[in-house]
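A.B. asks: Provided herewith is a single structure, encoded as C-alpha cells, for subsequent inquiry.
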4 protein chains.
Amino acid sequence: MKKQNRFRERHGSIGEMETGPLNSITDVEGVTVGHVTLSDGDCQTGVTAVLPHQGNLFKEKLIATSHVLNGFGKTMGTIQLQELGVIETPILLTNTLNVGTAADACIEHMLARNPEIGRTTGTVNAVIGECNDMLLNDIRKQHVHKTHIHQAIQHASKQVEEGSVGAGRGMLCYSLKGGIGTSSRLIPLSHGVYTMGILVMSNFGILRDLTIKGRSIGQELKKKLLDEWQEKDKGSIMIIAATDLPVTDRQLNRILKRTVTGLSRTGSIITHGSGEIVIGFSTATRIPHEKTNQPIEVSMIHEEEMDEAFRAIGEATEEAVLNSLTTAVAVKGRDGNERPAFTDLLDRFNLSL
Amino acid sequence: MKKQNRFRERHGSIGEMETGPLNSITDVEGVTVGHVTLSDGDCQTGVTAVLPHQGNLFKEKLIATSHVLNGFGKTMGTIQLQELGVIETPILLTNTLNVGTAADACIEHMLARNPEIGRTTGTVNAVIGECNDMLLNDIRKQHVHKTHIHQAIQHASKQVEEGSVGAGRGMLCYSLKGGIGTSSRLIPLSHGVYTMGILVMSNFGILRDLTIKGRSIGQELKKKLLDEWQEKDKGSIMIIAATDLPVTDRQLNRILKRTVTGLSRTGSIITHGSGEIVIGFSTATRIPHEKTNQPIEVSMIHEEEMDEAFRAIGEATEEAVLNSLTTAVAVKGRDGNERPAFTDLLDRFNLSL
Amino acid sequence: MKKQNRFRERHGSIGEMETGPLNSITDVEGVTVGHVTLSDGDCQTGVTAVLPHQGNLFKEKLIATSHVLNGFGKTMGTIQLQELGVIETPILLTNTLNVGTAADACIEHMLARNPEIGRTTGTVNAVIGECNDMLLNDIRKQHVHKTHIHQAIQHASKQVEEGSVGAGRGMLCYSLKGGIGTSSRLIPLSHGVYTMGILVMSNFGILRDLTIKGRSIGQELKKKLLDEWQEKDKGSIMIIAATDLPVTDRQLNRILKRTVTGLSRTGSIITHGSGEIVIGFSTATRIPHEKTNQPIEVSMIHEEEMDEAFRAIGEATEEAVLNSLTTAVAVKGRDGNERPAFTDLLDRFNLSL
Amino acid sequence: MKKQNRFRERHGSIGEMETGPLNSITDVEGVTVGHVTLSDGDCQTGVTAVLPHQGNLFKEKLIATSHVLNGFGKTMGTIQLQELGVIETPILLTNTLNVGTAADACIEHMLARNPEIGRTTGTVNAVIGECNDMLLNDIRKQHVHKTHIHQAIQHASKQVEEGSVGAGRGMLCYSLKGGIGTSSRLIPLSHGVYTMGILVMSNFGILRDLTIKGRSIGQELKKKLLDEWQEKDKGSIMIIAATDLPVTDRQLNRILKRTVTGLSRTGSIITHGSGEIVIGFSTATRIPHEKTNQPIEVSMIHEEEMDEAFRAIGEATEEAVLNSLTTAVAVKGRDGNERPAFTDLLDRFNLSL
C-alpha cells in the first residue's frame, strides 16, 4: 500500500485502539483482497473480491451475516446469509448494473471448484455488493465481464490497494473521488487478542457534510471551491467486515450494526439515495457443508465483552472511509465528468488536518 | 393429566413422530408448568407459568428467541430476547390487561432471588405473554393480582393440567372453549434422541374453520348448532416451545417459525385480530450471567438435521391446540356469556373423529 | 389454459371464496405472464415473467413487498423492495444458477426502455426469483440465456400456461412433477370487490406429506409406488401475489405472510432445503418515479377488513400449488431422471379425489 | 424552559437547520409532555408522558413505528406498533423496574376514557419505555406508583422541562447527570414547512467518549476530574420522535433509523449494556379505530424528499441529547451516589465550548 497517502500516515490516528500490522482487512488471518480496475475513457469501473479464507469456502463455510443501514441497494445473497448464518463464496463488489454478471461469474467460479454442486448437493449462494458509479463511468454499458471477476479473485493477496481502484474506480465519497479503503483494529480480550478488519467501497455523502476528527473540512473546502460543481448524493457504501473473534451470527450482527458510528463521525446523514449495506464474517469457526455426525461446537465471546468489538468496528470503519478518500486519485470519465482527489485539494489549498 | 379427554387417547395420534412419555412440554428435562385459575362469576381468568429450568435462571440463562406470526398482541420482553438470544425469567401467561401486573410480579420474584439486581448488576427482562379473554372474563377489572403470579410460579410441576385452567380459563378456540394444551415429540438424530415440547394458550379461530385431521368438523358442528351463537374472532395464541436440542438462537428461530404448519392444519387463517406469538428456549446450553474468562462453547446441530425438528414442532403444536380444545370444559362467565366444550359437543351430537 | 387438468375443473373447489373469471393471477387488471420453456435432453428449464402492469413500471411504480418464509434461497432484489416499498421491474423466475443471467437481461430490458437510467436518474432494481431444478435439468450448464428472458417478457399475456412450462419446466412438487400454477379469489368489501391473484413456481415437499383437502393422498400414492424412487427435498417455492386491493406495503406484507396457511394445507412442513419466498404488489396506487410537488395519496383499507384478504391469499395459494401439480406433465431430463405427473398417477391407479 | 442552560442559548447552534419556536417536541401541533419527579433520598426517579395528540387517541390513532438501535432494553408495546403501524396510547417513560406499573396505569387510563374496551371492542396496547437509573435511584424499591403515571399524563403541556426531571431524574449521560432533553427542526418542502420534534431520556455513554461539535470535551473533563469516579456504561436511551410530515409507517421507520447519526456525533459507540430504542409517530393522518366504509387516504411525501427529514432528525436528536446534558442539575441519591452536572463542570473548570 502507498503509505504516504493513507490517512494515518499523513494525518494521524483515528480513535484510541491499535491497528493490526497492515491496518487492513487482511490483518485477519486468511483474508485476501483482489482488484481489477477498468479505466479507459467512459469506462471507469472494476471489480473487488474479498476472499474470507484460502481453503474451499463452499466445503468449509464461515459464520456470517449482513446488516442493512439503508436498503436502497441491489446487493445479492443476503437472504441466505441471514437464514443460514454462513458464507460460502467470495464477496464480490462491482457497479450496480453488473451485479448479474458478477453473480454469473461467481457461480462459474464455484462450479469449477465444486463438481458436486447441482449433482449430489444443492446450489450455491453468490454474495455480490454494488455501488452506482454512473457519474464517472458509463454504467449503462455494463463494462464488467465475467473474466474481470475471475481475475479479481485470482489477484487476491494480503496487500490491498486503496483509492480509485477495483470496484472503487468510479466511486465518489462526499462528492470527491472515493473508492476502496481498509483499516483494522486489535481487540484485546482476556483470552486473546483478536482483529477486526474493514474494507469499504465508499460512494456516499455530499461535500458540505464531510467531517474529519470533528472538523467540518467539507464546508471549508466547499467555500474554497465555490461553484466548481453541483452535488447530489446518489451513492452507497458497501462495508465488508472480517474478524477472527469467536462469535455467533447474532453477535456478529450486533457488531456490524455499529459500523454506523464510524460512518456518522465522518459526517454521513445516511441519505435516501444511498444503499448502505454491511456484510461480515468470522473466521473463528468453520462450518462443514456436509452433515456431521455430532453437533458442531461454536465458540462465542461472553456478551459482556462486546463493547471492545463495538468500538473497534466503529473506528476501523471511520478510518477505512478516510483511507478511501485520502488514497483516491482524481478520475476523469464519462462525458468528461471528473472528481478531484481529497489529497490534491488539501495540497492545492495548502490545508492540513 | 386427565387422560380420557386428551386428543390422542380419545381420537388417535397426530402426525407420524413419537411423543415423549408425558406428551407434554415437561418432557423436556427441567421444564415445569404451574397454573392459578380464577373462576367466580364474571372473573374467569388466571395465570400460567412456564419455568425453563429449576436452577437460578438469571444466573444461568438459556438460549431463547421469539417469533411473531401476527403482531396484534401485547407480549412483553421480546426485544431483549431477540437482541441477546437468552431468557432469564419464567415465562408468564395471563390476560391482556394484566400484563403489567404480571411484569411487576415477575420483577418482584426475580429481585427476591437475586439481590445483586439493581445493585452490582443491571436489571432483568420479564417475559410475559397474553391473550384476550374478554368474552368470558370481565377483563376490565384486571382480576389477576401479583399474588396469583407468585402462586403460579410456586405451583409449577411436571404434571400439566390442560383446558380451562390457568391463563386459559377464559380463552376460546375456534369459538368453542379453549385454553391450555401441551404436547411433545421425540427427535431422533444420529447423536441422540431429543425432545420438542409445546404448550399453547389457544384463543383464536372461528368455528367454521376448525379442521381436525383434514376433516371440516367445524362446519359440521356449525350446521348442527345453527344460530346458537354469532362468532367473531378476537383472539390470539401464545405458543411456548421448549427443547433440549443443541441449537443457536438463529436455528431455534427457524424452528419456531414452523409452528405455523401445525396451526394451519387445524384450520387457522391467522386472522387480523389474533396476536400469535411464539417464544422458545433450548435447555442444551447454559449461558452464565457473569462474564467468563474464556469464550462460551455452544453446541449446534448441523443445519441438515433441521427437518426433523421442523416436523416435530409442527406436529406438537397441532396436537397441543387439539388438546386445549378436547380437554377444555364449558365455562360461563361475564354477563352470562358461555362457551361449550368441544368434547361435550361431540358427545351431544354423537360424533366421533 | 387447458381446463381439463386444472384442479377445480377435475376435483372441485378449494376453500369457500369465489375465483376471478380466469382463476389466475391475471384476473388482476393489468397483470400478464409469459413463459419460455427449454426442453431438450438434459436441458429442462426455462423462464417465467410476471408483468405487474402494462405501462412503464420504472416511471410508475407499484407498492410492493416481500416475505421470506424460508431464506435458503437466492432471490434478488428484495432489499430494495423492503426499503422503498415499490417494484419497478417485471418479476422474473428461473433456475437458481441463472439468476445472474436473468438480472443482466432484466437490466438490459429496463435500460432499453428508460434512457435516463444511469444518466439523469439512478439505477434499477431487478427482481429475480429462483428454484433449483437440478434433478431434471443440468443446472450446471446455465442453459438460460438473456434472449430467453427477453422472450418471456415479450410473450406475456393474460392466458397463463401452467405445469411443466417456463421456469417450472424442471421443478418438482411433493416429489412429483410440479412447476407453474395460478389461482385467484374475489374479495368482497363494502367499497368494492377486489381480486387476489397468485402464481407459484412449486418445487418443494416430499410425497408422503402431500395432502389434498385433508386427505393424505401422498401416503396413498407412496404405498402404491413402493420403491420406484427415493426422495429428498431440495426444493423451494416462489409465490407471486398480485392484488388491486388498496393497501400500504405494511398491509400487503401482512397479507403475504398468510400464504403459509395455504401451503401448509397441502402438507408442507417448510423443510430446511426449501427457499420459500413471497413477492407481492398492489396495482391500486401508482407511485411516480419523479419527485412530485405534492404528497402522494395512498388508499388503504381499514385494518379490520384484512381477514377477507387473509382468507383469499391462503385459498389462492393452496389452489395454485394444486394446479401446478395437476397440470404438470411428466418430464424426463438429466441423466434420464424423470418425475411422473400427479394426474397420470391418479389415472394409473384409478384414484379420484 | 430555563433558557439559560439549554445548549443553543449558551453554546450555539447544532447543525444547519432551523428549530421550531420552542425548539421542542411540542413544536409539533398537538403534542404535549408531562413529568412527575420523585426526589427523596434513595428515591430519585419519575415518569415522563408524551401525548401524541389531545383528542381520544384510542379512537383516532396516529401512524407510528419503532426502531431498535440496541435491544438490551425492556420497552413494551412495540410488537403491535410494528404490526399495525399505529399508536393508541400516550407514551410513558419511567425506570426499568416500573414498566409493569406504568403499563397497569396506562391501561387504567385508557379504560377510564374508553368504556368499550374489553366490551364491544378489543384491548389496548400500552407503549412504555424505560432506562435503568439504579446508580442514583434505589430501583429495587419500584418507587413509581400508578398515581404518578396518572399525574404525569395530567401535567402534560407544551412547556417541556428538561434535565433531571420526570423519568430522567436518576439518569446519566456520558457518566454525568443526564435525563430529559428536547429539540426540533423545521423541514421546508415544496408543499409546506413541517416539524420534526425529538424528546430523549438520555442514560448512556462514558465520559471519555463525549464529543460536542467535534471536540472531545469528555476526554478533557476526564483528565481534569482524574479519579473522581470510575465509570461503567449500564445505560440506555429512549428517543421519542414526533412529526407532522405526511408519511407512511415505512417512511417514518426510515426516518427513525437516522437518529443514530445524531447520537454518534455526540460520541456514542452504542455500547452493549445500553437499550437504545426509538418510537415515533406522525400527526398528519388520523386512523379511526372503528371500521370505515371507505378506504382511508394516507398522504405520503415522495421518497426523494426524505433527505431533509433525515437531516432534521439527526440534528434534533443530537441537540436533544446535548440539552439533556446541559440542563441537568447534579443529583445525589442511593447510598450517597452522585453525579455532577455538565454545566457545573464547565463552570468549575472555566471551560467554554
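Scheme for the C-alpha cells: letters A, B, ... for chains in order shown; per-chain residue numbers from 1; ligand numbers from 1 in order shown.
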Based on DSSP run over this structure's backbone, return all residues of segment 91-324 of chain C in alpha helix (DSSP H), as a ChimeraX atom specification.

C.D. replies: /C:99-113,146-154,217-225,249-257,259-265,306-324

A.B. asks: Within 6 Å of chain C, which residues belong to chain A? Use only C-alpha atoms and report them as a ChimeraX atom specification.

C.D. replies: /A:71-74,76-77,79-80,83,100-101,103-104,118,134

A.B. asks: Ser299 of chain A: which residues within 10 Å, counting only C-alpha atoms, same-chain residues fewer than 3 positions away excluded, as a list of chain:residue names?

C.D. replies: A:Leu245, A:Pro246, A:Val247, A:Thr248, A:Ala284, A:Thr285, A:Ile296, A:His302, B:Gln294, B:Pro295, B:Ile296, B:Glu297, B:Val298, B:Ser299

A.B. asks: Only all heavy atoms, please: the residues just picked out, written as a short mmCIF file (atom, residue, chain, number, x, y, z; two decimals), in the first residue's frame.

C.D. replies:
data_model
loop_
_atom_site.label_atom_id
_atom_site.label_comp_id
_atom_site.auth_asym_id
_atom_site.auth_seq_id
_atom_site.Cartn_x
_atom_site.Cartn_y
_atom_site.Cartn_z
N LEU A 245 -12.74 -12.97 15.81
CA LEU A 245 -13.44 -13.10 17.09
C LEU A 245 -14.36 -14.31 17.05
O LEU A 245 -15.11 -14.48 16.08
CB LEU A 245 -14.34 -11.89 17.33
CG LEU A 245 -13.86 -10.71 18.14
CD1 LEU A 245 -14.98 -9.67 18.20
CD2 LEU A 245 -13.44 -11.11 19.55
N PRO A 246 -14.36 -15.10 18.11
CA PRO A 246 -15.34 -16.19 18.17
C PRO A 246 -16.73 -15.62 18.51
O PRO A 246 -16.95 -15.15 19.62
CB PRO A 246 -14.82 -17.09 19.29
CG PRO A 246 -13.88 -16.25 20.09
CD PRO A 246 -13.44 -15.10 19.25
N VAL A 247 -17.60 -15.62 17.54
CA VAL A 247 -18.94 -15.05 17.71
C VAL A 247 -19.98 -15.89 16.96
O VAL A 247 -19.66 -16.55 15.99
CB VAL A 247 -19.03 -13.60 17.17
CG1 VAL A 247 -18.40 -12.61 18.11
CG2 VAL A 247 -18.42 -13.50 15.77
N THR A 248 -21.21 -15.84 17.43
CA THR A 248 -22.31 -16.40 16.65
C THR A 248 -22.75 -15.35 15.63
O THR A 248 -22.36 -14.18 15.71
CB THR A 248 -23.51 -16.75 17.55
OG1 THR A 248 -24.05 -15.55 18.10
CG2 THR A 248 -23.11 -17.70 18.66
N ALA A 284 -13.42 -17.61 12.95
CA ALA A 284 -13.11 -18.40 14.15
C ALA A 284 -13.62 -19.84 14.07
O ALA A 284 -13.03 -20.75 14.65
CB ALA A 284 -13.67 -17.71 15.39
N THR A 285 -14.72 -20.06 13.39
CA THR A 285 -15.31 -21.40 13.32
C THR A 285 -15.59 -21.74 11.86
O THR A 285 -16.14 -20.92 11.15
CB THR A 285 -16.66 -21.44 14.08
OG1 THR A 285 -16.46 -20.93 15.39
CG2 THR A 285 -17.19 -22.87 14.16
N ILE A 296 -22.00 -29.41 16.07
CA ILE A 296 -20.85 -28.55 15.83
C ILE A 296 -20.65 -27.67 17.06
O ILE A 296 -21.61 -27.17 17.64
CB ILE A 296 -21.12 -27.67 14.58
CG1 ILE A 296 -21.36 -28.57 13.37
CG2 ILE A 296 -20.00 -26.68 14.35
CD1 ILE A 296 -22.09 -27.88 12.23
N HIS A 302 -18.35 -13.96 25.64
CA HIS A 302 -19.42 -13.55 26.55
C HIS A 302 -19.91 -12.18 26.11
O HIS A 302 -19.13 -11.33 25.71
CB HIS A 302 -18.90 -13.49 27.99
CG HIS A 302 -20.00 -13.38 29.00
ND1 HIS A 302 -20.61 -12.19 29.29
CD2 HIS A 302 -20.62 -14.31 29.76
CE1 HIS A 302 -21.55 -12.39 30.21
NE2 HIS A 302 -21.59 -13.68 30.51
N GLN B 294 -13.20 -17.23 29.49
CA GLN B 294 -13.00 -17.91 28.22
C GLN B 294 -14.26 -17.80 27.38
O GLN B 294 -15.34 -17.58 27.93
CB GLN B 294 -12.67 -19.40 28.46
CG GLN B 294 -11.32 -19.64 29.11
CD GLN B 294 -10.17 -19.17 28.23
OE1 GLN B 294 -10.19 -19.35 27.02
NE2 GLN B 294 -9.18 -18.52 28.85
N PRO B 295 -14.14 -17.96 26.07
CA PRO B 295 -15.35 -18.00 25.25
C PRO B 295 -16.26 -19.13 25.71
O PRO B 295 -15.80 -20.13 26.29
CB PRO B 295 -14.82 -18.26 23.84
CG PRO B 295 -13.41 -17.77 23.87
CD PRO B 295 -12.91 -18.04 25.26
N ILE B 296 -17.52 -18.98 25.46
CA ILE B 296 -18.52 -19.99 25.80
C ILE B 296 -18.65 -20.94 24.61
O ILE B 296 -18.66 -20.50 23.46
CB ILE B 296 -19.87 -19.30 26.08
CG1 ILE B 296 -19.72 -18.33 27.25
CG2 ILE B 296 -20.97 -20.31 26.34
CD1 ILE B 296 -20.81 -17.27 27.31
N GLU B 297 -18.73 -22.24 24.91
CA GLU B 297 -18.90 -23.21 23.82
C GLU B 297 -20.38 -23.51 23.66
O GLU B 297 -21.05 -23.93 24.61
CB GLU B 297 -18.15 -24.51 24.14
CG GLU B 297 -16.65 -24.34 24.28
CD GLU B 297 -15.97 -23.89 22.99
OE1 GLU B 297 -16.32 -24.42 21.92
OE2 GLU B 297 -15.11 -22.97 23.07
N VAL B 298 -20.88 -23.31 22.48
CA VAL B 298 -22.28 -23.60 22.18
C VAL B 298 -22.32 -24.75 21.17
O VAL B 298 -21.65 -24.69 20.15
CB VAL B 298 -22.98 -22.36 21.60
CG1 VAL B 298 -24.40 -22.69 21.16
CG2 VAL B 298 -22.97 -21.23 22.61
N SER B 299 -23.11 -25.77 21.50
CA SER B 299 -23.29 -26.87 20.56
C SER B 299 -24.47 -26.58 19.65
O SER B 299 -25.52 -26.16 20.13
CB SER B 299 -23.60 -28.17 21.31
OG SER B 299 -22.44 -28.78 21.73
#

A.B. asks: Run DSSP on the backbone of this structure and report the residues of segment 15-183 of chain B it assigns to strand (DSSP E or B), as a PyMOL selection string.

C.D. replies: chain B and resi 32-40+43-51+60-70+76+86-87+91-95+117+121+127-131+157+163+172-173+176-177+180-183
